[in-house]
Amino acid sequence: MTFDHRAHLRVAWEALDRGGLPTALIEVPAWLRGMAAAAGRPEKYNETVTLGFLLVLADRHRPGEDFDAFLERHPDLLRSDVLQRWWRPETLASERARRGFVFPDGNQFAETP
């Protein structure tokens with residue numbers, strides 16, 4: 001079984017449903033760091049990408065909405081490059097972004113659709 005991008009979104013979605021953004025900001029990074037470490041690939045975890053997706057998900061989240069319906073409304077979230085609306089690719093790929101949250105540095109600070 002692979003743990004793909006959609007599965008990552010689902011974990012974040014469940015945490016948001018369970019306790020909102022405060023819960024998700026604690027649970028999801030800890031869980032993903034643990035998964036990466038257990039797989040022997042701790043360097044795969046990226047704090048900025050994780051928190052960036054959590055913030056976008058939280059902004060678009062509607063309590064009680066079905067996950068599949070949510071993704072139908074926001075298909076852009078299925079693209080792993082969606083955060084490039086707010087962050088430059090080289091920033092997201094940096095060691096600094098992997099280790100800690102880096103604020104958006106892209107040209108577009110527009111609201112999410």
# chains A, B, ... in the order shown; residues from 1 in each chain; ligands from 1
call {"tool": "residues_around", "arguments": {"residues": "Leu32 of chain A", "least_positions_apart": "2", "cutoff": "12 Å", "atoms": "only C-alpha atoms", "output": "PDB file with C-alpha atoms, in the first residue's frame"}}
result
ATOM      1  CA  PHE A   3       0.795   6.542   1.107  1.00  0.00           C
ATOM      2  CA  ALA A   7      -3.739   9.933   1.654  1.00  0.00           C
ATOM      3  CA  HIS A   8      -1.731  12.766   3.218  1.00  0.00           C
ATOM      4  CA  LEU A   9      -4.637  15.133   2.536  1.00  0.00           C
ATOM      5  CA  VAL A  11      -4.995  12.462   7.319  1.00  0.00           C
ATOM      6  CA  ALA A  12      -5.001  16.254   7.523  1.00  0.00           C
ATOM      7  CA  ALA A  24      -4.261  19.385  13.139  1.00  0.00           C
ATOM      8  CA  LEU A  25      -1.202  21.608  13.665  1.00  0.00           C
ATOM      9  CA  ILE A  26      -0.084  19.301  16.477  1.00  0.00           C
ATOM     10  CA  GLU A  27      -1.187  15.868  15.274  1.00  0.00           C
ATOM     11  CA  VAL A  28      -0.426  15.891  11.555  1.00  0.00           C
ATOM     12  CA  PRO A  29       3.227  17.029  11.662  1.00  0.00           C
ATOM     13  CA  ALA A  30       3.987  14.624  14.523  1.00  0.00           C
ATOM     14  CA  GLY A  34       6.910   9.529  12.726  1.00  0.00           C
ATOM     15  CA  MET A  35       5.900   7.869   9.454  1.00  0.00           C
ATOM     16  CA  ALA A  36       8.967   9.242   7.666  1.00  0.00           C
ATOM     17  CA  ALA A  37      11.262   8.113  10.482  1.00  0.00           C
ATOM     18  CA  ALA A  38       9.672   4.649  10.613  1.00  0.00           C
ATOM     19  CA  ALA A  39      10.255   4.314   6.872  1.00  0.00           C
ATOM     20  CA  ARG A  41      13.442   8.456   5.467  1.00  0.00           C
ATOM     21  CA  PRO A  42      13.181  11.272   8.034  1.00  0.00           C
ATOM     22  CA  GLU A  43      14.519  13.711   5.433  1.00  0.00           C
ATOM     23  CA  LYS A  44      11.286  13.275   3.445  1.00  0.00           C
ATOM     24  CA  TYR A  45       9.310  15.268   6.026  1.00  0.00           C
ATOM     25  CA  ASN A  46       8.968  18.959   5.124  1.00  0.00           C
ATOM     26  CA  GLU A  47       7.579  21.260   7.806  1.00  0.00           C
ATOM     27  CA  VAL A  49       4.868  21.837   2.980  1.00  0.00           C
ATOM     28  CA  THR A  50       2.972  20.113   5.793  1.00  0.00           C
ATOM     29  CA  LEU A  51       1.901  23.324   7.507  1.00  0.00           C
TER      30      LEU A  51
END
call {"tool": "closest_residue", "arguments": {"among": "A:Gly106, A:Phe70, A:Leu78, A:Arg88", "to": "Ala58 of chain A", "atoms": "only C-alpha atoms"}}
result
A:Phe70
call {"tool": "atom_distance", "arguments": {"atom1": "atom CA of Ala97 of chain A", "atom2": "atom CA of Arg60 of chain A"}}
result
23.2 Å
call {"tool": "select_by_dssp", "arguments": {"residues": "chain A", "states": "helix (DSSP H, G or I)", "output": "NGL selection string"}}
result
:A and (5-38 or 42-44 or 47-60 or 67-73 or 75-78 or 82-85 or 89-92 or 95-99)
call {"tool": "atom_distance", "arguments": {"atom1": "atom CA of Leu21 of chain A", "atom2": "atom CA of Arg62 of chain A"}}
result
12.1 Å
call {"tool": "atom_distance", "arguments": {"atom1": "atom CA of Glu90 of chain A", "atom2": "atom CA of Val56 of chain A"}}
result
19.7 Å
call {"tool": "closest_residue", "arguments": {"among": "A:Gly100, A:His5, A:Thr91, A:Arg10", "to": "Asp66 of chain A", "atoms": "only C-alpha atoms"}}
result
A:Arg10
